[in-house]
Protein chains: 2
Amino acid sequence: MAEFYKSNHRYYLSVDCVVLGLNSGKLSILLTRRAFAPEEGKWSLMGGFVQPDESIDQAAKRVLTQLTGLSNIYMEQVGAFGEVDRDPGDRVISIAYYALINFDEHDRRKVLSHNACWVEMTDMPELGFDHPAMIARTLEKLRFRFVNEPIGLKLLPRQFTLSQMQSLYEAVLGHPLDKRNFRKRVQEATCIEPTGEIDKLNSKRGAALYRFNAKTYERDKKFKI
Amino acid sequence: MAEFYKSNHRYYLSVDCVVLGLNSGKLSILLTRRAFAPEEGKWSLMGGFVQPDESIDQAAKRVLTQLTGLSNIYMEQVGAFGEVDRDPGDRVISIAYYALINFDEHDRRKVLSHNACWVEMTDMPELGFDHPAMIARTLEKLRFRFVNEPIGLKLLPRQFTLSQMQSLYEAVLGHPLDKRNFRKRVQEATCIEPTGEIDKLNSKRGAALYRFNAKTYERDKKFKI
DNA sequence: TCAAAAGTGTTCAGGGTACACCCATGG
DNA sequence: CCATGGGTGTACCCTGAACACTTTTGA
């Protein structure tokens, strides 16, 4: 069946992951310094080759689970990158994904053992391949989704203060937000509810802690920052 | 160099194109009835295999040029589709693109010779593979872009009436628009200018013809429907 | 007592939406 | 003369943006 397929070329196929997390309140990305050619010594995104028994989505999830120890990671496809010479080693087509990681819950030893480390987004080193374009397209998508869907909360701890949330939004959107307007929007988003607890670590006065209620979100679908 | 790549599998790689055009004022899609397995007899999108010397974008453009005789087609990547069993013939990863065609200028004989035909979007037959998902994602993207960028004009003739334009927007957005509000927005979009000519074919009174001015758009970047 | 972050309402302008009638002409 | 599509302006509402001071408490 499908004998004529055999007359066509086949290609290496990889996934590259733009892995984002909040490290000490700073939006950070998981990068690795390549230990071998091509692009040896340069920083790059975390990637892996697609295996025959897995879909491309599954390949991305596998890479992320191996790297962080987490399952159920929020991921979205960014797009396919297929310039002829994008990989100087050989022709490889890569599908980019972004992932939003709960930093507190991930396995730091796994990250280290993969030769990866967290780098603040504001302090990005030079990257190899077409990885800068993958990151740029990720941020475009994120900016849109962040204001329309509560996916930003995937980056925050289970309980978070509104200041933490606001500074995350400012980091992703790339500009400062008005505090009162921000809080007004959050109040209107019924899925973000106070836990009753107070965080005393980051301020003298203490700040109310909030959590995301997925059930309420499913019911109301109300979220707009 | 990159010897370790060789331990990995390689995959067939195709592009599938969601080709849209306005056939007699109706938003239509270019489909082909498959003459061979897999999915023989079913309708499907126009596609082709990626060649070793071309990027995935170039592959999509090549397929479209062969099919329509047009170069400089407006295309955008929709995304990669890579379920293991998405193609019952063999494992094929496909990158979907959409294309907006100026119906009047395309080569109908080429289309016919590729066994393709234009089908109204409101009258979509059952499609094979994961092509329905490709079309659905195309429409999501289109709805967003149509209101923020003047890409809808790629589908219209060089000169068009505001009624033609409005009915195109209604077809893509999936709901009726208010005529006065629509025309107000068009007037604010300086890049859409009257030609001074009158179309007498579609109405007794005659309707003013407009054209898109790319230079004005580059200057003002003003377009919001 | 003061530094540092938390918390809180109102006003205003502009954009979006709703809405109904006259016009020109071919048949 | 009438059916058909072309063309036009206004009122209201609501959302988004700007803006400053008080509270709490640890050091």
# chains A, B, ... in the order shown; residues from 1 in each chain; ligands from 1

$ interface_residues --of "chain A" --to "chain C" --cutoff "8 Å" --atoms "only C-alpha atoms (C1' of nucleotides)" --output "list in words"
Arg180, Ser203, Lys204, Arg205, Gly206 and Ala207 of chain A

$ interface_residues --of "chain D" --to "chain A" --cutoff "8 Å" --atoms "only C-alpha atoms (C1' of nucleotides)" --output "list in words"
DT24, DT25 and DG26 of chain D

$ interface_residues --of "chain A" --to "chain B" --cutoff "9 Å" --atoms "only C-alpha atoms" --output "NGL selection string"
:A and (1-3 or 5-6 or 8-13 or 36-38 or 49-58 or 77-85 or 88-91 or 93 or 95)

$ select_by_dssp --residues "segment 115-144 of chain B" --states "helix (DSSP H, G or I)" --output "PyMOL selection string"
chain B and resi 121-123+131-144

$ select_by_dssp --residues "segment 1-215 of chain B" --states "strand (DSSP E or B)" --output "JSON, numbers by chain"
{"B": [10, 11, 12, 13, 14, 15, 16, 17, 18, 19, 20, 21, 22, 23, 26, 27, 28, 29, 30, 31, 32, 33, 43, 44, 46, 47, 48, 49, 74, 75, 76, 77, 78, 79, 80, 81, 92, 93, 94, 95, 96, 97, 98, 99, 100, 101, 116, 117, 118, 119, 120, 127, 160, 192, 193, 194, 195, 196, 197, 198, 199, 207, 208, 209, 210, 211, 212]}

$ residues_around --residues "segment 111-120 of chain A" --least-positions-apart "5" --cutoff "8 Å" --atoms "only C-alpha atoms (C1' of nucleotides)" --output "ChimeraX atom specification"
/A:23,26-33,46,67-68

$ atom_distance --atom1 "atom CA of Ser24 of chain B" --atom2 "atom CA of Thr161 of chain B"
13.5 Å

$ residues_around --residues "segment 175-177 of chain A" --least-positions-apart "2" --cutoff "12 Å" --atoms "only C-alpha atoms (C1' of nucleotides)" --output "ChimeraX atom specification"
/A:143,163,165-173,179-185,225 /D:17-18

$ residues_around --residues "Cys191 of chain A" --least-positions-apart "6" --cutoff "9 Å" --atoms "only C-alpha atoms (C1' of nucleotides)" --output "PyMOL selection string"
chain A and resi 150+211-223
